[in-house]
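Okay, structure first, notes after.
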Protein chains: 2
Amino acid sequence: MSASGVSAAGKVLQVLAAFDREHPSRTLSEIARCTGLAVSTAHRVVAELAAWGALERAEDGSWHVGLRLWEIASGCPRTQILRDAALPFMQDLYEATHENVQLAVREGTELVFVERIAGHRSVELLTMVGTRFPVGSTGMGRVLLAHAPRELQEEVLAAPLRPWTPHTVTDPRTLRAQLDLIRREQVFVSDRQLSESTVAVAAPVRIGRAGPVSAALGIVVAARGAERARGLREPLLRAVHGISEELGRRARTAL
Amino acid sequence: MSASGVSAAGKVLQVLAAFDREHPSRTLSEIARCTGLAVSTAHRVVAELAAWGALERAEDGSWHVGLRLWEIASGCPRTQILRDAALPFMQDLYEATHENVQLAVREGTELVFVERIAGHRSVELLTMVGTRFPVGSTGMGRVLLAHAPRELQEEVLAAPLRPWTPHTVTDPRTLRAQLDLIRREQVFVSDRQLSESTVAVAAPVRIGRAGPVSAALGIVVAARGAERARGLREPLLRAVHGISEELGRRARTAL
DNA sequence: CGGCCCTTTCCGCCTGACGGAAACGCCCCC
DNA sequence: GGGGGCGTTTCCGTCAGGCGGAAAGGGCCG
């Protein structure tokens with residue numbers, strides 16, 4: 001029997017998918033195991049990928065994603081355009097607040113962090129660029145959710161919500177009310193929903209002044225300094241408006 | 001005749017490679033043309049990639065790199081670890097100078113930009129994250145070159161150097177002297193080598209205090225403010241030392 | 001020395017990829 | 001409206017290239 005039921009291109013993708021966030025570095029047999037491919041097949045595919053530069057080998061013989069693939073992928077418009085437009089504003093925001101500034105987009109029912117600015121003076125966070133979270137678990141996620149299509153909102157509200165901390169909102173009714181609140185007000189404060197020690201302030205980024213919501217911008221502060229959150233609304237709003245307009249400008253000139 | 005001489009995995013990579021920096025977005029037939037694949041083949045491969053999330057389709061029907069691939073690729077250790085360690089220091093550096101701060105690694109005879117910090121108060125630059133330049137053309141590149149293996153230096157010195165501006169050093173003897181200078185001094189000032197309007201200050205980032213050079217950190221200022229460059233040496237050195245130590249710490253704890 | 005695990009190479013079988021061709025859809029120009 | 005050009009999508013017969021079992025090679029450890 002051959003192929004294990006997956007097309008040739010599929011094998012490449014299976015192998016690439018093995019390098020997820022928890023496993024940035026893997027050995028050949030790990031790859032074979034977790035993809036279900038025969039070792040010899042995995043070997044060949046990996047070798048091909050490596051020859052092209054999509055994978056690289058560490059001194060210890062383990063494999064990881066190569067610079068070439070990173071390069072290609074970093075051209076991804078969903079992130080590249082956004083980052084380019086947002087970076088200067090995020091920068092200003094960081095300088096004004098010295099808190100962790102984050103930018104995220106929604107993909108399906110998940111949130112993906114796209115860019116972040118953090119210095120020595122801001123809270124240490126675990127969330128790296130490229131990390132996913134269920135939309136609905138975080139302040140930024142809920143902002144994105146509130147502006148997502150109706151059916152998607154219902155889908156999330158229907159599924160059970162994971163309680164990350166004792167404060168996490170898990171009641172669909174409360175969450176629904178929060179989504180309404182988010183649509184009414186621009187800025188949303190999310191209190192210790194994901195971690196006991198952090199409070200997030202988030203707002204939607206649009207394409208142009210009144211265009212569709214394409215991302216969420218957030219600031220994360222230590223929970224002990226929660227009262228700071230109030231003062232962050234204004235600078236956050238300024239940044240969000242700046243980015244939205246910049247995105248609108250770029251979208252227009254791109255045509 | 002089939003396969004156009006390339007293995008199945010190769011086709012996937014050919015298609016991905018079509019999405020280079022100049023072509024973040026392509027139509028199916030463009031892909032077919034520039035990879036040399038038959039349209040029907042390209043169609044099938046693209047469809048498979050899209051089903052997996054490696055490619056996405058815009059409303060106008062054109063294709064571009066998808067979020068899923070970006071995610072996988074953003075785990076690339078060469079960049080991820082470096083950025084994580086460097087970001088806070090780059091941040092401090094930006095705040096101290098308000099100039100364009102850039103981080104780059106070397107791959108073969110080229111330099112790849114890995115991270116940058118820029119705000120409204122710094123020079124506008126064309127160099128995006130992921131862009132390549134011949135090492136030897138830029139200040140940061142020369143810093144990396146100076147600390148690269150001998151034979152690679154010779155290779156670059158042997159090849160003709162492209163003059164980007166009237167000031168670009170193209171004489172191998174002069175360049176060789178610069179490389180010596182870089183190894184003696186820590187910081188290198190590169191005057192209008194890549195663009196008429198910018199001056200760069202660059203320094204090598206090591207792994208640990210005295211480890212191998214893994215990246216270069218640079219500041220780019222407007223050429224008219226070139227005298228500023230002098231004052232940037234100290235903050236740049238502080239940042240570089242900070243990053244180097246942080247990288248050393250991480251390398252040790254990773255074992 | 002033998003057992004274990006990972007990596008690499010080899011090879012014959014067979015299936016799934018290949019691309020030519022044709023249908024489809026769209027736009028523009030006559 | 002009709003026709004030509006261009007891009008996309010689907011279909012299908014052929015056949016070469018991918019597949020994985022097996023075995024050899026190489027460390028490591030007890």
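Following the order of the structure tokens, first chain is A, next is B, and so on, with residues numbered from 1 inside each chain and ligands from 1 in the order they appear.
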
Assign secondary structure with DSSP using the backbone only, and return the residues of stretch 16-58 of chain B in strand (DSSP E) as an NGL selection string.
:B and (25-26 or 55-57)

Give me, as JSON lines, each residue of chain D that comes within 9 Å of chain B, together with its shortest interatomic pair and the distance in Å at one decimal, counting only C-alpha atoms (C1' of nucleotides), with rows ordered by chain and rising residue number.
{"residue": "D:DG7", "atom": "C1'", "partner": "B:Ser29", "partner_atom": "CA", "distance": 6.9}
{"residue": "D:DT8", "atom": "C1'", "partner": "B:Leu28", "partner_atom": "CA", "distance": 8.0}
{"residue": "D:DT9", "atom": "C1'", "partner": "B:His43", "partner_atom": "CA", "distance": 8.4}
{"residue": "D:DC15", "atom": "C1'", "partner": "B:Ser2", "partner_atom": "CA", "distance": 8.9}
{"residue": "D:DA16", "atom": "C1'", "partner": "B:Ser2", "partner_atom": "CA", "distance": 7.8}
{"residue": "D:DG17", "atom": "C1'", "partner": "B:Ser7", "partner_atom": "CA", "distance": 7.6}
{"residue": "D:DG18", "atom": "C1'", "partner": "B:Ala8", "partner_atom": "CA", "distance": 8.1}

Please identify all residues of chain A having at least one atom at most 8 Å from any atom of chain B, considering only C-alpha atoms, and return them as a ChimeraX atom specification.
/A:8-13,16-17,19-21,24,45,48-49,52,64-67,69-79,87-89,91-92,95,117-120,129-131

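Take atom CA of A:Thr198 and atom CA of A:His98: the distance between them is 14.7 Å.
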
Which one of C:DC29, C:DT9, C:DC24, C:DA17 sits closest to chain B if you count only C-alpha atoms (C1' of nucleotides)?
C:DA17

Please report as a tab-separated table every residue of chain C lying within 9 Å of chain A, along with the nearest atom pair and their distance in Å (one decimal), using only C-alpha atoms (C1' of nucleotides).
residue	atom	partner	partner_atom	distance
C:DC6	C1'	A:Ser29	CA	7.0
C:DT7	C1'	A:Leu28	CA	8.0
C:DT8	C1'	A:His43	CA	8.3
C:DC14	C1'	A:Ser2	CA	8.6
C:DT15	C1'	A:Ser2	CA	7.7
C:DG16	C1'	A:Ser7	CA	7.5
C:DA17	C1'	A:Ala8	CA	8.0

Let me see the file: selected residues, all heavy atoms, as a compact mmCIF listing (two decimals), in the first residue's frame.
# COMPACT_ATOMS: atom_id res chain seq x y z
P DC C 6 13.88 6.69 17.97
OP1 DC C 6 13.27 7.75 18.79
OP2 DC C 6 13.05 5.68 17.31
O5' DC C 6 14.80 7.38 16.88
C5' DC C 6 15.93 8.16 17.30
C4' DC C 6 16.90 8.25 16.16
O4' DC C 6 17.39 6.91 15.87
C3' DC C 6 16.30 8.75 14.84
O3' DC C 6 16.91 9.98 14.49
C2' DC C 6 16.59 7.66 13.83
C1' DC C 6 17.69 6.86 14.50
N1 DC C 6 17.73 5.44 14.09
C2 DC C 6 18.84 4.98 13.37
O2 DC C 6 19.74 5.76 13.10
N3 DC C 6 18.87 3.67 13.00
C4 DC C 6 17.86 2.86 13.31
N4 DC C 6 17.95 1.58 12.91
C5 DC C 6 16.72 3.32 14.04
C6 DC C 6 16.70 4.61 14.41
P DT C 7 16.42 10.72 13.17
OP1 DT C 7 16.70 12.14 13.35
OP2 DT C 7 15.06 10.24 12.85
O5' DT C 7 17.41 10.13 12.07
C5' DT C 7 18.80 10.37 12.20
C4' DT C 7 19.55 9.65 11.10
O4' DT C 7 19.25 8.23 11.16
C3' DT C 7 19.20 10.10 9.68
O3' DT C 7 20.40 10.56 9.07
C2' DT C 7 18.63 8.85 9.01
C1' DT C 7 19.23 7.74 9.84
N1 DT C 7 18.47 6.47 9.89
C2 DT C 7 19.02 5.36 9.33
O2 DT C 7 20.10 5.35 8.78
N3 DT C 7 18.24 4.22 9.43
C4 DT C 7 17.01 4.11 10.03
O4 DT C 7 16.41 3.03 10.06
C5 DT C 7 16.49 5.32 10.61
C7 DT C 7 15.16 5.32 11.29
C6 DT C 7 17.24 6.44 10.52
P DT C 8 20.27 11.39 7.72
OP1 DT C 8 21.42 12.31 7.69
OP2 DT C 8 18.89 11.88 7.58
O5' DT C 8 20.53 10.28 6.61
C5' DT C 8 21.76 9.54 6.62
C4' DT C 8 21.66 8.34 5.69
O4' DT C 8 20.71 7.39 6.23
C3' DT C 8 21.14 8.67 4.28
O3' DT C 8 22.23 8.51 3.38
C2' DT C 8 20.02 7.67 4.03
C1' DT C 8 20.23 6.63 5.13
N1 DT C 8 19.01 5.94 5.60
C2 DT C 8 18.95 4.58 5.51
O2 DT C 8 19.85 3.90 5.06
N3 DT C 8 17.78 4.01 5.97
C4 DT C 8 16.70 4.69 6.51
O4 DT C 8 15.70 4.07 6.89
C5 DT C 8 16.83 6.11 6.58
C7 DT C 8 15.71 6.94 7.13
C6 DT C 8 17.96 6.68 6.13
P DC C 14 2.00 -4.70 -7.91
OP1 DC C 14 1.15 -5.56 -7.05
OP2 DC C 14 2.23 -5.01 -9.34
O5' DC C 14 1.41 -3.23 -7.83
C5' DC C 14 1.53 -2.50 -6.61
C4' DC C 14 1.21 -1.06 -6.91
O4' DC C 14 2.31 -0.43 -7.61
C3' DC C 14 -0.02 -0.87 -7.83
O3' DC C 14 -0.75 0.20 -7.29
C2' DC C 14 0.60 -0.50 -9.18
C1' DC C 14 1.80 0.30 -8.71
N1 DC C 14 2.90 0.44 -9.71
C2 DC C 14 3.62 1.65 -9.74
O2 DC C 14 3.31 2.55 -8.96
N3 DC C 14 4.63 1.79 -10.64
C4 DC C 14 4.93 0.78 -11.47
N4 DC C 14 5.93 0.95 -12.33
C5 DC C 14 4.20 -0.46 -11.44
C6 DC C 14 3.20 -0.58 -10.55
P DT C 15 -2.28 0.15 -7.20
OP1 DT C 15 -2.68 -0.97 -6.31
OP2 DT C 15 -2.82 0.25 -8.55
O5' DT C 15 -2.53 1.50 -6.40
C5' DT C 15 -1.48 2.02 -5.56
C4' DT C 15 -1.17 3.45 -5.98
O4' DT C 15 -0.29 3.47 -7.13
C3' DT C 15 -2.40 4.27 -6.39
O3' DT C 15 -2.18 5.60 -5.99
C2' DT C 15 -2.35 4.19 -7.90
C1' DT C 15 -0.84 4.30 -8.12
N1 DT C 15 -0.37 3.85 -9.44
C2 DT C 15 0.74 4.44 -10.00
O2 DT C 15 1.35 5.33 -9.47
N3 DT C 15 1.10 3.95 -11.23
C4 DT C 15 0.47 2.92 -11.94
O4 DT C 15 0.88 2.57 -13.03
C5 DT C 15 -0.68 2.36 -11.29
C7 DT C 15 -1.42 1.26 -11.97
C6 DT C 15 -1.05 2.82 -10.09
P DG C 16 -3.26 6.27 -5.01
OP1 DG C 16 -3.05 5.62 -3.71
OP2 DG C 16 -4.60 6.32 -5.62
O5' DG C 16 -2.67 7.74 -4.96
C5' DG C 16 -1.27 7.92 -4.97
C4' DG C 16 -0.87 8.85 -6.10
O4' DG C 16 -0.82 8.12 -7.35
C3' DG C 16 -1.85 9.99 -6.34
O3' DG C 16 -1.08 11.10 -6.75
C2' DG C 16 -2.66 9.49 -7.53
C1' DG C 16 -1.54 8.85 -8.32
N9 DG C 16 -1.99 7.93 -9.35
C8 DG C 16 -3.13 7.17 -9.37
N7 DG C 16 -3.23 6.42 -10.44
C5 DG C 16 -2.09 6.70 -11.17
C6 DG C 16 -1.65 6.19 -12.41
O6 DG C 16 -2.19 5.36 -13.14
N1 DG C 16 -0.43 6.75 -12.79
C2 DG C 16 0.28 7.68 -12.06
N2 DG C 16 1.42 8.11 -12.59
N3 DG C 16 -0.13 8.16 -10.89
C4 DG C 16 -1.31 7.63 -10.51
P DA C 17 -1.60 12.56 -6.41
OP1 DA C 17 -1.38 12.81 -4.98
OP2 DA C 17 -2.94 12.75 -7.00
O5' DA C 17 -0.55 13.43 -7.23
C5' DA C 17 0.81 13.03 -7.23
C4' DA C 17 1.40 13.21 -8.62
O4' DA C 17 0.87 12.20 -9.50
C3' DA C 17 1.07 14.57 -9.26
O3' DA C 17 2.26 15.05 -9.87
C2' DA C 17 0.00 14.22 -10.29
C1' DA C 17 0.41 12.82 -10.70
N9 DA C 17 -0.68 11.97 -11.19
C8 DA C 17 -1.85 11.66 -10.54
N7 DA C 17 -2.64 10.86 -11.21
C5 DA C 17 -1.95 10.61 -12.38
C6 DA C 17 -2.25 9.84 -13.51
N6 DA C 17 -3.38 9.14 -13.64
N1 DA C 17 -1.34 9.82 -14.52
C2 DA C 17 -0.21 10.53 -14.38
N3 DA C 17 0.18 11.28 -13.37
C4 DA C 17 -0.74 11.29 -12.39

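For B:Leu247, the set of protein, DNA and RNA residues having any atom at most 8 Å away, when counting only C-alpha atoms (C1' of nucleotides) and skipping those fewer than 5 positions along the same chain, is Leu82, Ala85, Arg206, Ile207 and Gly208 of chain B.
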
Length of the atom CA of B:Gln153 to atom CA of B:Arg252 vector [Å]
29.5 Å

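In this structure, atom CA of A:Ser137 sits 20.3 Å away from atom CA of A:Arg224.
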
Per DSSP on the backbone, filter stretch 48-157 of chain B down to the residues in helix (DSSP H, G or I) and report them as a VMD selection string.
chain B and resid 48 to 52 67 to 74 77 to 97 139 to 146 150 to 157

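Using only C-alpha atoms (C1' of nucleotides) for every distance, the candidate list A:Thr174, A:Thr41, A:Ser244, A:Thr35 yields A:Thr41 as the residue closest to D:DC19.
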
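Every protein, DNA or RNA residue with an atom at most 12 Å from D:DG13, where only C-alpha atoms (C1' of nucleotides) count and chain neighbours fewer than 6 positions away do not, is listed here: C:DC18, C:DG19, C:DG20.
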
Report as an MDAnalysis selection string all protein, DNA and RNA residues lying within 12 Å of D:DG4, evaluated on only C-alpha atoms (C1' of nucleotides), omitting residues in the same chain fewer than 5 positions from it.
chainID C and resid 27:30

Give me the residues near B:Leu152 as a compact mmCIF listing (two decimals) with N, CA and C atoms, in the first residue's frame, where near means some atom within 9 Å (using only C-alpha atoms (C1' of nucleotides)) and where sequence neighbours in that chain fewer than 5 positions away do not count.
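That gives us around_39.txt:
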# COMPACT_ATOMS: atom_id res chain seq x y z
N GLY B 108 24.35 32.86 3.24
CA GLY B 108 25.26 32.80 2.09
C GLY B 108 25.87 34.17 1.87
N THR B 109 25.79 34.68 0.66
CA THR B 109 26.39 35.98 0.37
C THR B 109 25.34 37.08 0.40
N LEU B 145 29.71 40.26 6.91
CA LEU B 145 30.76 39.71 6.06
C LEU B 145 32.10 39.66 6.79
N LEU B 157 34.63 39.37 -2.31
CA LEU B 157 35.63 40.34 -2.79
C LEU B 157 36.01 40.09 -4.24
